[in-house]
file my_file.cif (mmCIF, C-alpha atoms)
data_structure
loop_
_atom_site.label_atom_id
_atom_site.label_comp_id
_atom_site.auth_asym_id
_atom_site.auth_seq_id
_atom_site.Cartn_x
_atom_site.Cartn_y
_atom_site.Cartn_z
CA MET L 162 -72.30 -47.88 -84.80
CA SER L 163 -73.25 -44.42 -85.99
CA VAL L 164 -71.98 -41.34 -84.20
CA PRO L 165 -74.53 -38.50 -84.33
CA PRO L 166 -73.49 -35.04 -85.50
CA VAL L 167 -72.14 -32.78 -82.80
CA ASN L 168 -74.65 -30.35 -81.35
CA PRO L 169 -73.87 -27.07 -83.15
CA VAL L 170 -74.59 -25.01 -80.03
CA ALA L 171 -71.17 -24.22 -78.60
CA PRO L 172 -70.55 -23.73 -74.87
CA GLN L 173 -71.43 -20.36 -73.42
CA SER L 174 -68.64 -17.87 -72.79
CA PRO L 175 -67.83 -17.22 -69.11
CA SER L 176 -68.64 -13.87 -67.53
CA PRO L 177 -66.15 -11.13 -68.38
CA GLY L 178 -63.12 -11.17 -66.10
CA PRO L 179 -59.90 -9.21 -65.78
CA ILE L 180 -57.98 -8.37 -68.94
CA VAL L 181 -54.89 -10.48 -69.60
CA GLN L 182 -52.35 -8.48 -71.59
CA VAL L 183 -49.43 -9.93 -73.55
CA ARG L 184 -46.77 -7.79 -75.22
CA GLY L 185 -44.17 -8.29 -77.91
CA VAL L 186 -45.94 -11.13 -79.70
CA SER L 187 -45.91 -11.72 -83.46
CA HIS L 188 -47.03 -15.37 -83.51
CA VAL L 189 -49.83 -17.16 -81.64
CA LEU L 190 -49.43 -20.93 -81.20
CA LEU L 191 -52.64 -22.66 -80.12
CA ASP L 192 -53.33 -26.02 -78.59
CA ILE L 193 -56.78 -27.41 -79.50
CA GLU L 194 -58.37 -29.66 -76.87
CA GLY L 195 -59.42 -27.54 -73.89
CA THR L 196 -58.01 -24.43 -75.56
CA THR L 197 -60.14 -23.73 -78.64
CA CYS L 198 -62.44 -26.78 -78.61
CA PRO L 199 -64.07 -28.57 -75.64
CA VAL L 200 -62.33 -31.63 -74.25
CA SER L 201 -65.66 -33.46 -74.40
CA TYR L 202 -65.79 -33.27 -78.20
CA VAL L 203 -62.47 -35.04 -78.56
CA ALA L 204 -63.08 -37.57 -75.78
CA ASP L 205 -66.77 -38.30 -76.39
CA GLN L 206 -67.05 -37.88 -80.18
CA LEU L 207 -63.77 -38.11 -82.08
CA PHE L 208 -62.04 -40.93 -80.21
CA PRO L 209 -65.07 -43.28 -80.11
CA TYR L 210 -65.79 -42.51 -83.78
CA ALA L 211 -62.27 -43.61 -84.80
CA GLU L 212 -62.20 -46.61 -82.47
CA HIS L 213 -65.46 -48.06 -83.82
CA ARG L 214 -64.33 -47.63 -87.42
CA MET L 215 -60.63 -48.57 -87.22
CA ALA L 216 -61.02 -52.25 -88.16
CA GLY L 217 -63.30 -51.51 -91.11
CA TYR L 218 -61.07 -48.70 -92.35
CA LEU L 219 -57.97 -50.91 -92.30
CA GLU L 220 -59.89 -53.65 -94.10
CA ASP L 221 -61.03 -51.25 -96.82
CA HIS L 222 -57.82 -49.23 -97.19
CA GLY L 223 -55.09 -51.57 -95.94
CA GLU L 224 -53.55 -51.88 -99.40
CA SER L 225 -52.87 -48.17 -99.82
CA ALA L 226 -49.25 -47.08 -99.54
CA VAL L 227 -50.06 -44.48 -96.88
CA VAL L 228 -51.87 -46.94 -94.61
CA GLN L 229 -49.22 -49.62 -95.10
CA ALA L 230 -46.50 -47.17 -94.07
CA LEU L 231 -48.44 -46.21 -90.93
CA LEU L 232 -48.98 -49.86 -90.04
CA ARG L 233 -45.25 -50.52 -90.41
CA GLU L 234 -44.55 -47.61 -88.06
CA SER L 235 -47.03 -49.06 -85.59
CA LEU L 236 -45.34 -52.47 -85.65
CA GLN L 237 -41.93 -50.85 -85.17
CA ALA L 238 -43.30 -49.02 -82.13
CA LEU L 239 -44.75 -52.26 -80.79
CA GLU L 240 -41.33 -53.93 -81.00
CA GLN L 241 -39.87 -51.27 -78.72
CA ASP L 242 -42.84 -50.70 -76.39
CA PRO L 243 -41.99 -51.58 -72.74
CA ASP L 244 -45.63 -51.53 -71.61
CA PRO L 245 -46.52 -54.97 -70.15
CA ALA L 246 -49.61 -55.26 -72.33
CA ALA L 247 -47.52 -54.52 -75.40
CA VAL L 248 -44.89 -57.06 -74.32
CA ALA L 249 -47.62 -59.68 -73.99
CA LEU L 250 -48.95 -58.75 -77.41
CA ARG L 251 -45.48 -59.16 -78.93
CA GLY L 252 -45.38 -62.69 -77.53
CA LYS L 253 -48.38 -63.73 -79.59
CA SER L 254 -47.46 -65.49 -82.82
CA ASN L 255 -50.35 -63.86 -84.69
CA ALA L 256 -50.14 -60.33 -83.28
CA CYS L 257 -51.32 -57.73 -85.78
CA PRO L 258 -51.12 -53.92 -85.95
CA LEU L 259 -54.86 -53.57 -85.27
CA GLU L 260 -54.50 -55.22 -81.85
CA TYR L 261 -51.73 -52.79 -80.93
CA LEU L 262 -53.71 -49.83 -82.22
CA LYS L 263 -56.69 -50.92 -80.10
CA LEU L 264 -54.41 -51.15 -77.08
CA LEU L 265 -53.08 -47.65 -77.68
CA MET L 266 -56.61 -46.27 -78.02
CA GLN L 267 -57.72 -47.97 -74.81
CA GLN L 268 -54.75 -46.45 -72.99
CA ASP L 269 -55.21 -43.05 -74.69
CA ARG L 270 -51.60 -43.04 -75.87
CA LYS L 271 -50.46 -40.60 -78.51
CA LEU L 272 -48.44 -42.65 -80.98
CA THR L 273 -47.97 -40.63 -84.17
CA PRO L 274 -49.06 -43.32 -86.71
CA LEU L 275 -52.21 -43.95 -84.64
CA LYS L 276 -53.00 -40.23 -84.70
CA GLU L 277 -52.56 -40.15 -88.46
CA LEU L 278 -54.83 -43.16 -88.96
CA GLN L 279 -57.45 -41.52 -86.74
CA GLY L 280 -57.17 -38.43 -88.89
CA LEU L 281 -57.91 -40.43 -92.01
CA ILE L 282 -61.01 -41.92 -90.40
CA TRP L 283 -62.20 -38.54 -89.15
CA GLU L 284 -61.82 -37.14 -92.66
CA ALA L 285 -64.59 -39.46 -93.82
CA GLY L 286 -66.75 -38.45 -90.86
CA TYR L 287 -66.37 -34.74 -91.51
CA SER L 288 -67.06 -35.23 -95.21
CA SER L 289 -70.28 -37.12 -94.46
CA GLY L 290 -71.46 -34.50 -91.97
CA GLU L 291 -71.40 -36.90 -89.02
CA LEU L 292 -68.68 -34.82 -87.37
CA ARG L 293 -68.62 -31.07 -86.76
CA ALA L 294 -66.23 -29.38 -84.34
CA PRO L 295 -67.81 -27.09 -81.72
CA LEU L 296 -65.32 -24.30 -81.09
CA TYR L 297 -65.72 -22.10 -78.02
CA PRO L 298 -67.93 -19.10 -78.91
CA ASP L 299 -65.12 -16.54 -78.55
CA VAL L 300 -62.57 -18.40 -80.70
CA ALA L 301 -63.56 -17.43 -84.25
CA GLN L 302 -63.86 -13.73 -83.38
CA ALA L 303 -60.48 -13.81 -81.63
CA ILE L 304 -58.84 -15.50 -84.61
CA ARG L 305 -60.15 -12.80 -86.95
CA ARG L 306 -59.06 -10.08 -84.52
CA TRP L 307 -55.55 -11.52 -84.37
CA LEU L 308 -55.38 -11.71 -88.14
CA ASP L 309 -56.40 -8.04 -88.31
CA GLN L 310 -53.39 -7.37 -86.08
CA ALA L 311 -51.19 -9.18 -88.65
CA LEU L 312 -50.36 -11.90 -86.14
CA VAL L 313 -49.21 -15.24 -87.53
CA LEU L 314 -51.39 -18.10 -86.27
CA ALA L 315 -50.23 -21.67 -85.77
CA VAL L 316 -51.52 -24.90 -84.23
CA TYR L 317 -49.64 -27.43 -82.09
CA SER L 318 -51.64 -30.48 -81.06
CA SER L 319 -51.03 -34.14 -80.33
CA GLY L 320 -53.58 -34.88 -83.04
CA SER L 321 -52.15 -35.21 -86.53
CA VAL L 322 -51.89 -32.19 -88.80
CA LYS L 323 -54.63 -33.75 -90.95
CA ALA L 324 -56.91 -34.03 -87.91
CA GLN L 325 -56.18 -30.42 -86.96
CA GLN L 326 -57.01 -29.13 -90.42
CA LEU L 327 -60.20 -31.19 -90.58
CA LEU L 328 -61.36 -29.82 -87.23
CA TYR L 329 -60.84 -26.18 -88.18
CA GLY L 330 -62.16 -26.80 -91.67
CA HIS L 331 -65.45 -28.26 -90.37
CA SER L 332 -66.28 -26.22 -87.28
CA THR L 333 -69.45 -24.68 -85.89
CA SER L 334 -67.90 -21.32 -86.86
CA GLY L 335 -67.31 -22.33 -90.47
CA ASP L 336 -64.10 -23.13 -92.32
CA LEU L 337 -61.22 -21.46 -90.44
CA LYS L 338 -58.41 -23.60 -91.84
CA ALA L 339 -57.00 -20.81 -94.02
CA CYS L 340 -56.54 -18.61 -90.93
CA PHE L 341 -53.51 -20.67 -89.84
CA GLN L 342 -50.13 -20.53 -91.51
CA HIS L 343 -48.39 -23.32 -89.59
CA TRP L 344 -49.44 -26.73 -88.30
CA PHE L 345 -47.44 -28.91 -85.88
CA ASP L 346 -48.07 -32.34 -84.40
CA THR L 347 -45.94 -34.82 -82.48
CA ARG L 348 -43.65 -35.34 -85.45
CA ILE L 349 -41.96 -32.08 -84.37
CA GLY L 350 -41.54 -33.58 -80.89
CA ALA L 351 -43.42 -34.27 -77.66
CA LYS L 352 -45.46 -31.40 -76.26
CA GLN L 353 -43.85 -31.72 -72.83
CA GLN L 354 -40.32 -31.14 -74.18
CA ALA L 355 -38.74 -27.70 -74.57
CA ALA L 356 -36.87 -28.84 -77.69
CA SER L 357 -40.19 -29.18 -79.53
CA TYR L 358 -41.03 -25.52 -78.99
CA ARG L 359 -37.55 -24.39 -80.02
CA ALA L 360 -37.98 -26.41 -83.22
CA ILE L 361 -41.37 -24.80 -83.83
CA ALA L 362 -39.97 -21.29 -83.41
CA GLU L 363 -37.10 -22.16 -85.74
CA THR L 364 -39.51 -23.55 -88.34
CA MET L 365 -41.57 -20.36 -88.18
CA ASN L 366 -38.35 -18.30 -88.38
CA VAL L 367 -39.20 -16.24 -85.31
CA PRO L 368 -37.41 -15.66 -81.98
CA PRO L 369 -39.08 -17.84 -79.32
CA CYS L 370 -39.88 -14.80 -77.16
CA ARG L 371 -42.15 -13.49 -79.94
CA VAL L 372 -44.38 -16.58 -79.79
CA LEU L 373 -47.38 -16.86 -77.47
CA PHE L 374 -48.40 -20.43 -76.68
CA ILE L 375 -51.82 -21.19 -75.13
CA SER L 376 -52.58 -24.61 -73.64
CA ASP L 377 -54.69 -26.28 -70.96
CA ALA L 378 -51.74 -28.46 -69.86
CA LEU L 379 -49.32 -27.09 -67.25
CA ALA L 380 -46.46 -29.33 -68.41
CA GLU L 381 -46.80 -27.97 -71.94
CA CYS L 382 -46.79 -24.36 -70.72
CA GLU L 383 -43.67 -25.10 -68.66
CA ALA L 384 -41.92 -26.69 -71.66
CA ALA L 385 -42.79 -23.71 -73.85
CA LYS L 386 -41.52 -21.27 -71.22
CA ALA L 387 -38.28 -23.25 -70.90
CA ALA L 388 -37.82 -22.83 -74.65
CA GLY L 389 -38.24 -19.05 -74.35
CA LEU L 390 -41.85 -18.74 -75.49
CA GLN L 391 -44.51 -16.74 -73.69
CA ALA L 392 -47.31 -18.95 -72.38
CA LEU L 393 -50.85 -18.70 -71.05
CA PHE L 394 -52.85 -21.37 -69.26
CA SER L 395 -56.27 -22.10 -70.76
CA SER L 396 -59.01 -22.67 -68.17
CA ARG L 397 -62.23 -23.62 -69.95
CA PRO L 398 -65.46 -25.20 -68.66
CA GLY L 399 -65.06 -28.96 -68.49
CA ASN L 400 -61.27 -28.98 -68.57
CA PRO L 401 -59.91 -31.73 -66.30
CA ALA L 402 -56.69 -29.86 -65.46
CA ARG L 403 -56.94 -26.78 -63.25
CA ALA L 404 -53.40 -26.36 -61.89
CA CYS L 405 -51.95 -23.36 -63.72
CA GLY L 406 -48.70 -22.95 -61.79
CA SER L 407 -47.41 -19.41 -62.12
CA PHE L 408 -48.89 -18.86 -65.58
CA PRO L 409 -51.51 -16.20 -66.31
CA VAL L 410 -54.93 -17.78 -66.84
CA VAL L 411 -57.24 -17.03 -69.76
CA ASP L 412 -60.81 -18.38 -69.77
CA THR L 413 -62.06 -16.43 -72.78
CA TYR L 414 -60.20 -14.63 -75.55
CA ASP L 415 -62.58 -11.72 -75.12
CA ASN L 416 -60.37 -10.84 -72.15
CA LEU L 417 -57.04 -11.38 -73.91
CA GLU L 418 -55.27 -8.29 -75.22
CA ILE L 419 -52.22 -8.88 -77.42
CA VAL L 420 -49.94 -5.87 -77.90
CA CYS L 421 -47.66 -6.55 -80.86
CA THR L 422 -45.04 -3.83 -80.25
#

call {"tool": "encode", "arguments": {"input": "my_file.cif", "output": "C-alpha cells"}}
result
Amino acid sequence: MSVPPVNPVAPQSPSPGPIVQVRGVSHVLLDIEGTTCPVSYVADQLFPYAEHRMAGYLEDHGESAVVQALLRESLQALEQDPDPAAVALRGKSNACPLEYLKLLMQQDRKLTPLKELQGLIWEAGYSSGELRAPLYPDVAQAIRRWLDQALVLAVYSSGSVKAQQLLYGHSTSGDLKACFQHWFDTRIGAKQQAASYRAIAETMNVPPCRVLFISDALAECEAAKAAGLQALFSSRPGNPARACGSFPVVDTYDNLEIVCT
C-alpha cells in the first residue's frame, strides 16, 4: 500500500493573541507532535506508513546487526509485559517479534525498539519523497529567531532520535536538522517522569531553570516543572488535549517572546 506525499500546505497560523513572555532561558526543548508538527501527520501518515511496511522491512533487513538487536529488545520487553494480550502472545509456541510489534502499534504504545524500527522505515519513505513533514507555519521562523538570540535548541520526543532528525531534515520548511544541538528520546527516560528532564538538563550542562520546555501534554509539562524547568502548554489546531492546568498557553510562536537575560 502506497502512502501519498504529505500535502505541502501547512496549517494556517491562528489570529494573533496576547504575547507570552518567558525570561531567563538559554535552552529551548521542543516536543514535536502537536507542538511543531500537526498530530494528524504522525497519526494519519507516519504510523500507518510504518505499520504497512514493518513485515517487509524485517524480511529484507532482518539479518542486519541493528535490526537483530532491536528484535532482541522487543522479545525481552514481551517477556516482561503484563498486558493480557502480550501474556497470551507469550503463551504461543511460535510467537515472533513481529506479532508483538504489531500489537504495540495497534495499542499505540511507545516501546523504544519499536520507535527505532519505525524510524528506519520512515527513513526510506523520506528518501523516496513519499513522506514530507508539514511543520506549523510559524515554526521555521521562530527557530531562526531563537538561533539569532543564541539560544540552544533541543528536541525531546517519544519518537526515536532518528525519526526526529528525519522529520526536521525533510520538512515543508526545508532541512532544519542542523538548527538543533541536542536530541532526546525515551532512552533518556519517560516523558511523564521528572527524572528524565533532570537528566536532559544535566546532559546539556545547563541549570534546569534555564530550559524552556514546550509540549501539548499536560503530564509532560508537569514533569518538566517538577524537575525545575520552565514549561509552556502548546495548544494547536487539531490537538486532542486541551487541559493546560496552570501553564501559560502558546498557540503560535509569533506570540512567544523569550528574554534571555

call {"tool": "resolve_selection", "arguments": {"input": "my_file.cif", "expression": "the PyMOL selection byres ((chain L and resi 331-344) around 8)", "output": "MDAnalysis selection string"}}
result
chainID L and resid 169:171 287 292:296 301 304:305 308 313:317 322 325:330 345:346 365

call {"tool": "resolve_selection", "arguments": {"input": "my_file.cif", "expression": "the PyMOL selection byres ((chain L and resi 196) around 10)", "output": "PDB file with C-alpha atoms, keeping the file's coordinate frame"}}
result
ATOM      1  CA  LEU L 191     -52.640 -22.660 -80.120  1.00  0.00           C
ATOM      2  CA  ASP L 192     -53.330 -26.020 -78.590  1.00  0.00           C
ATOM      3  CA  ILE L 193     -56.780 -27.410 -79.500  1.00  0.00           C
ATOM      4  CA  GLU L 194     -58.370 -29.660 -76.870  1.00  0.00           C
ATOM      5  CA  GLY L 195     -59.420 -27.540 -73.890  1.00  0.00           C
ATOM      6  CA  THR L 197     -60.140 -23.730 -78.640  1.00  0.00           C
ATOM      7  CA  CYS L 198     -62.440 -26.780 -78.610  1.00  0.00           C
ATOM      8  CA  PRO L 199     -64.070 -28.570 -75.640  1.00  0.00           C
ATOM      9  CA  VAL L 200     -62.330 -31.630 -74.250  1.00  0.00           C
ATOM     10  CA  LEU L 296     -65.320 -24.300 -81.090  1.00  0.00           C
ATOM     11  CA  TYR L 297     -65.720 -22.100 -78.020  1.00  0.00           C
ATOM     12  CA  VAL L 300     -62.570 -18.400 -80.700  1.00  0.00           C
ATOM     13  CA  ILE L 375     -51.820 -21.190 -75.130  1.00  0.00           C
ATOM     14  CA  SER L 376     -52.580 -24.610 -73.640  1.00  0.00           C
ATOM     15  CA  ASP L 377     -54.690 -26.280 -70.960  1.00  0.00           C
ATOM     16  CA  ALA L 378     -51.740 -28.460 -69.860  1.00  0.00           C
ATOM     17  CA  PHE L 394     -52.850 -21.370 -69.260  1.00  0.00           C
ATOM     18  CA  SER L 395     -56.270 -22.100 -70.760  1.00  0.00           C
ATOM     19  CA  SER L 396     -59.010 -22.670 -68.170  1.00  0.00           C
ATOM     20  CA  ARG L 397     -62.230 -23.620 -69.950  1.00  0.00           C
ATOM     21  CA  ASN L 400     -61.270 -28.980 -68.570  1.00  0.00           C
ATOM     22  CA  VAL L 411     -57.240 -17.030 -69.760  1.00  0.00           C
ATOM     23  CA  ASP L 412     -60.810 -18.380 -69.770  1.00  0.00           C
ATOM     24  CA  THR L 413     -62.060 -16.430 -72.780  1.00  0.00           C
TER      25      THR L 413
END

call {"tool": "atom_distance", "arguments": {"input": "my_file.cif", "atom1": "atom CA of Glu381 of chain L", "atom2": "atom CA of Pro298 of chain L"}}
result
24.0 Å

call {"tool": "atom_distance", "arguments": {"input": "my_file.cif", "atom1": "atom CA of Gln391 of chain L", "atom2": "atom CA of Leu373 of chain L"}}
result
4.7 Å

call {"tool": "atom_distance", "arguments": {"input": "my_file.cif", "atom1": "atom CA of Asp309 of chain L", "atom2": "atom CA of Arg371 of chain L"}}
result
17.4 Å

call {"tool": "axis_aligned_box", "arguments": {"input": "my_file.cif", "around": "segment 211-224 of chain L", "padding_each_side": "6 Å", "output": "AutoDock Vina command-line options"}}
result
--center_x -59.5 --center_y -48.6 --center_z -90.9 --size_x 23.9 --size_y 22.0 --size_z 28.9

call {"tool": "resolve_selection", "arguments": {"input": "my_file.cif", "expression": "the PyMOL selection byres ((chain L and resi 280) around 12)", "output": "JSON, numbers by chain"}}
result
{"L": [207, 208, 210, 211, 212, 214, 215, 218, 228, 231, 273, 274, 275, 276, 277, 278, 279, 281, 282, 283, 284, 285, 286, 287, 319, 320, 321, 322, 323, 324, 325, 326, 327, 328, 346]}

call {"tool": "residues_around", "arguments": {"input": "my_file.cif", "residues": "Phe408 of chain L", "least_positions_apart": "2", "cutoff": "8 Å", "atoms": "all atoms listed in the file", "output": "list in words"}}
result
Cys382, Ala392, Leu393, Phe394, Cys405, Gly406 and Val410 of chain L

call {"tool": "closest_residue", "arguments": {"input": "my_file.cif", "among": "L:Gly350, L:Pro243, L:Pro368, L:Pro258", "to": "His188 of chain L", "atoms": "all atoms listed in the file"}}
result
L:Pro368

call {"tool": "decode", "arguments": {"input": "my_file.cif", "residues": "segment 283-315 of chain L", "atoms": "N, CA and C atoms", "output": "PDB file, in the first residue's frame"}}
result
ATOM      1  N   TRP L 283      10.739   4.873   8.205  1.00  0.00           N
ATOM      2  CA  TRP L 283      10.448   6.229   7.753  1.00  0.00           C
ATOM      3  C   TRP L 283      11.616   6.819   6.965  1.00  0.00           C
ATOM      4  N   GLU L 284      12.840   6.410   7.309  1.00  0.00           N
ATOM      5  CA  GLU L 284      13.996   6.909   6.578  1.00  0.00           C
ATOM      6  C   GLU L 284      13.864   6.601   5.095  1.00  0.00           C
ATOM      7  N   ALA L 285      13.420   5.396   4.784  1.00  0.00           N
ATOM      8  CA  ALA L 285      13.226   5.026   3.378  1.00  0.00           C
ATOM      9  C   ALA L 285      12.128   5.876   2.741  1.00  0.00           C
ATOM     10  N   GLY L 286      11.067   6.147   3.494  1.00  0.00           N
ATOM     11  CA  GLY L 286       9.969   6.948   2.970  1.00  0.00           C
ATOM     12  C   GLY L 286      10.353   8.388   2.705  1.00  0.00           C
ATOM     13  N   TYR L 287      11.136   8.968   3.591  1.00  0.00           N
ATOM     14  CA  TYR L 287      11.604  10.336   3.369  1.00  0.00           C
ATOM     15  C   TYR L 287      12.554  10.388   2.180  1.00  0.00           C
ATOM     16  N   SER L 288      13.421   9.386   2.075  1.00  0.00           N
ATOM     17  CA  SER L 288      14.390   9.371   0.975  1.00  0.00           C
ATOM     18  C   SER L 288      13.703   9.255  -0.378  1.00  0.00           C
ATOM     19  N   SER L 289      12.586   8.518  -0.421  1.00  0.00           N
ATOM     20  CA  SER L 289      11.875   8.325  -1.682  1.00  0.00           C
ATOM     21  C   SER L 289      10.955   9.499  -2.026  1.00  0.00           C
ATOM     22  N   GLY L 290      10.736  10.390  -1.060  1.00  0.00           N
ATOM     23  CA  GLY L 290       9.841  11.518  -1.288  1.00  0.00           C
ATOM     24  C   GLY L 290       8.396  11.231  -0.948  1.00  0.00           C
ATOM     25  N   GLU L 291       8.097  10.018  -0.471  1.00  0.00           N
ATOM     26  CA  GLU L 291       6.725   9.686  -0.081  1.00  0.00           C
ATOM     27  C   GLU L 291       6.304  10.426   1.191  1.00  0.00           C
ATOM     28  N   LEU L 292       7.276  10.756   2.027  1.00  0.00           N
ATOM     29  CA  LEU L 292       6.988  11.430   3.285  1.00  0.00           C
ATOM     30  C   LEU L 292       7.630  12.815   3.301  1.00  0.00           C
ATOM     31  N   ARG L 293       6.897  13.773   3.823  1.00  0.00           N
ATOM     32  CA  ARG L 293       7.401  15.133   3.997  1.00  0.00           C
ATOM     33  C   ARG L 293       6.653  15.749   5.164  1.00  0.00           C
ATOM     34  N   ALA L 294       7.368  16.256   6.150  1.00  0.00           N
ATOM     35  CA  ALA L 294       6.764  16.690   7.400  1.00  0.00           C
ATOM     36  C   ALA L 294       6.235  18.118   7.318  1.00  0.00           C
ATOM     37  N   PRO L 295       4.941  18.319   7.549  1.00  0.00           N
ATOM     38  CA  PRO L 295       4.356  19.665   7.482  1.00  0.00           C
ATOM     39  C   PRO L 295       4.453  20.388   8.819  1.00  0.00           C
ATOM     40  N   LEU L 296       5.462  21.188   9.013  1.00  0.00           N
ATOM     41  CA  LEU L 296       5.578  21.968  10.242  1.00  0.00           C
ATOM     42  C   LEU L 296       4.544  23.084  10.254  1.00  0.00           C
ATOM     43  N   TYR L 297       4.163  23.523  11.445  1.00  0.00           N
ATOM     44  CA  TYR L 297       3.287  24.685  11.554  1.00  0.00           C
ATOM     45  C   TYR L 297       3.980  25.888  10.906  1.00  0.00           C
ATOM     46  N   PRO L 298       3.221  26.806  10.305  1.00  0.00           N
ATOM     47  CA  PRO L 298       3.826  27.872   9.503  1.00  0.00           C
ATOM     48  C   PRO L 298       4.710  28.838  10.276  1.00  0.00           C
ATOM     49  N   ASP L 299       4.554  28.917  11.588  1.00  0.00           N
ATOM     50  CA  ASP L 299       5.365  29.841  12.388  1.00  0.00           C
ATOM     51  C   ASP L 299       6.639  29.206  12.928  1.00  0.00           C
ATOM     52  N   VAL L 300       6.804  27.887  12.758  1.00  0.00           N
ATOM     53  CA  VAL L 300       7.884  27.166  13.434  1.00  0.00           C
ATOM     54  C   VAL L 300       9.260  27.529  12.882  1.00  0.00           C
ATOM     55  N   ALA L 301       9.437  27.456  11.567  1.00  0.00           N
ATOM     56  CA  ALA L 301      10.768  27.701  10.992  1.00  0.00           C
ATOM     57  C   ALA L 301      11.260  29.107  11.320  1.00  0.00           C
ATOM     58  N   GLN L 302      10.385  30.094  11.197  1.00  0.00           N
ATOM     59  CA  GLN L 302      10.779  31.471  11.511  1.00  0.00           C
ATOM     60  C   GLN L 302      11.159  31.614  12.978  1.00  0.00           C
ATOM     61  N   ALA L 303      10.404  30.951  13.862  1.00  0.00           N
ATOM     62  CA  ALA L 303      10.720  31.009  15.287  1.00  0.00           C
ATOM     63  C   ALA L 303      12.072  30.362  15.577  1.00  0.00           C
ATOM     64  N   ILE L 304      12.323  29.230  14.945  1.00  0.00           N
ATOM     65  CA  ILE L 304      13.602  28.547  15.151  1.00  0.00           C
ATOM     66  C   ILE L 304      14.761  29.450  14.753  1.00  0.00           C
ATOM     67  N   ARG L 305      14.645  30.118  13.627  1.00  0.00           N
ATOM     68  CA  ARG L 305      15.722  31.017  13.178  1.00  0.00           C
ATOM     69  C   ARG L 305      15.838  32.227  14.102  1.00  0.00           C
ATOM     70  N   ARG L 306      14.714  32.703  14.611  1.00  0.00           N
ATOM     71  CA  ARG L 306      14.747  33.831  15.546  1.00  0.00           C
ATOM     72  C   ARG L 306      15.455  33.423  16.839  1.00  0.00           C
ATOM     73  N   TRP L 307      15.164  32.230  17.328  1.00  0.00           N
ATOM     74  CA  TRP L 307      15.804  31.760  18.550  1.00  0.00           C
ATOM     75  C   TRP L 307      17.301  31.535  18.350  1.00  0.00           C
ATOM     76  N   LEU L 308      17.670  31.059  17.183  1.00  0.00           N
ATOM     77  CA  LEU L 308      19.098  30.905  16.904  1.00  0.00           C
ATOM     78  C   LEU L 308      19.796  32.263  16.863  1.00  0.00           C
ATOM     79  N   ASP L 309      19.125  33.264  16.320  1.00  0.00           N
ATOM     80  CA  ASP L 309      19.689  34.617  16.305  1.00  0.00           C
ATOM     81  C   ASP L 309      19.886  35.149  17.717  1.00  0.00           C
ATOM     82  N   GLN L 310      19.091  34.650  18.656  1.00  0.00           N
ATOM     83  CA  GLN L 310      19.234  35.041  20.061  1.00  0.00           C
ATOM     84  C   GLN L 310      20.292  34.201  20.776  1.00  0.00           C
ATOM     85  N   ALA L 311      20.957  33.311  20.045  1.00  0.00           N
ATOM     86  CA  ALA L 311      21.984  32.413  20.600  1.00  0.00           C
ATOM     87  C   ALA L 311      21.389  31.414  21.589  1.00  0.00           C
ATOM     88  N   LEU L 312      20.122  31.087  21.419  1.00  0.00           N
ATOM     89  CA  LEU L 312      19.507  30.046  22.236  1.00  0.00           C
ATOM     90  C   LEU L 312      19.921  28.670  21.707  1.00  0.00           C
ATOM     91  N   VAL L 313      20.088  27.730  22.616  1.00  0.00           N
ATOM     92  CA  VAL L 313      20.401  26.352  22.252  1.00  0.00           C
ATOM     93  C   VAL L 313      19.082  25.607  22.085  1.00  0.00           C
ATOM     94  N   LEU L 314      18.911  24.950  20.945  1.00  0.00           N
ATOM     95  CA  LEU L 314      17.658  24.258  20.649  1.00  0.00           C
ATOM     96  C   LEU L 314      17.837  22.746  20.766  1.00  0.00           C
ATOM     97  N   ALA L 315      16.821  22.102  21.340  1.00  0.00           N
ATOM     98  CA  ALA L 315      16.863  20.655  21.539  1.00  0.00           C
ATOM     99  C   ALA L 315      15.472  20.078  21.305  1.00  0.00           C
TER     100      ALA L 315
END
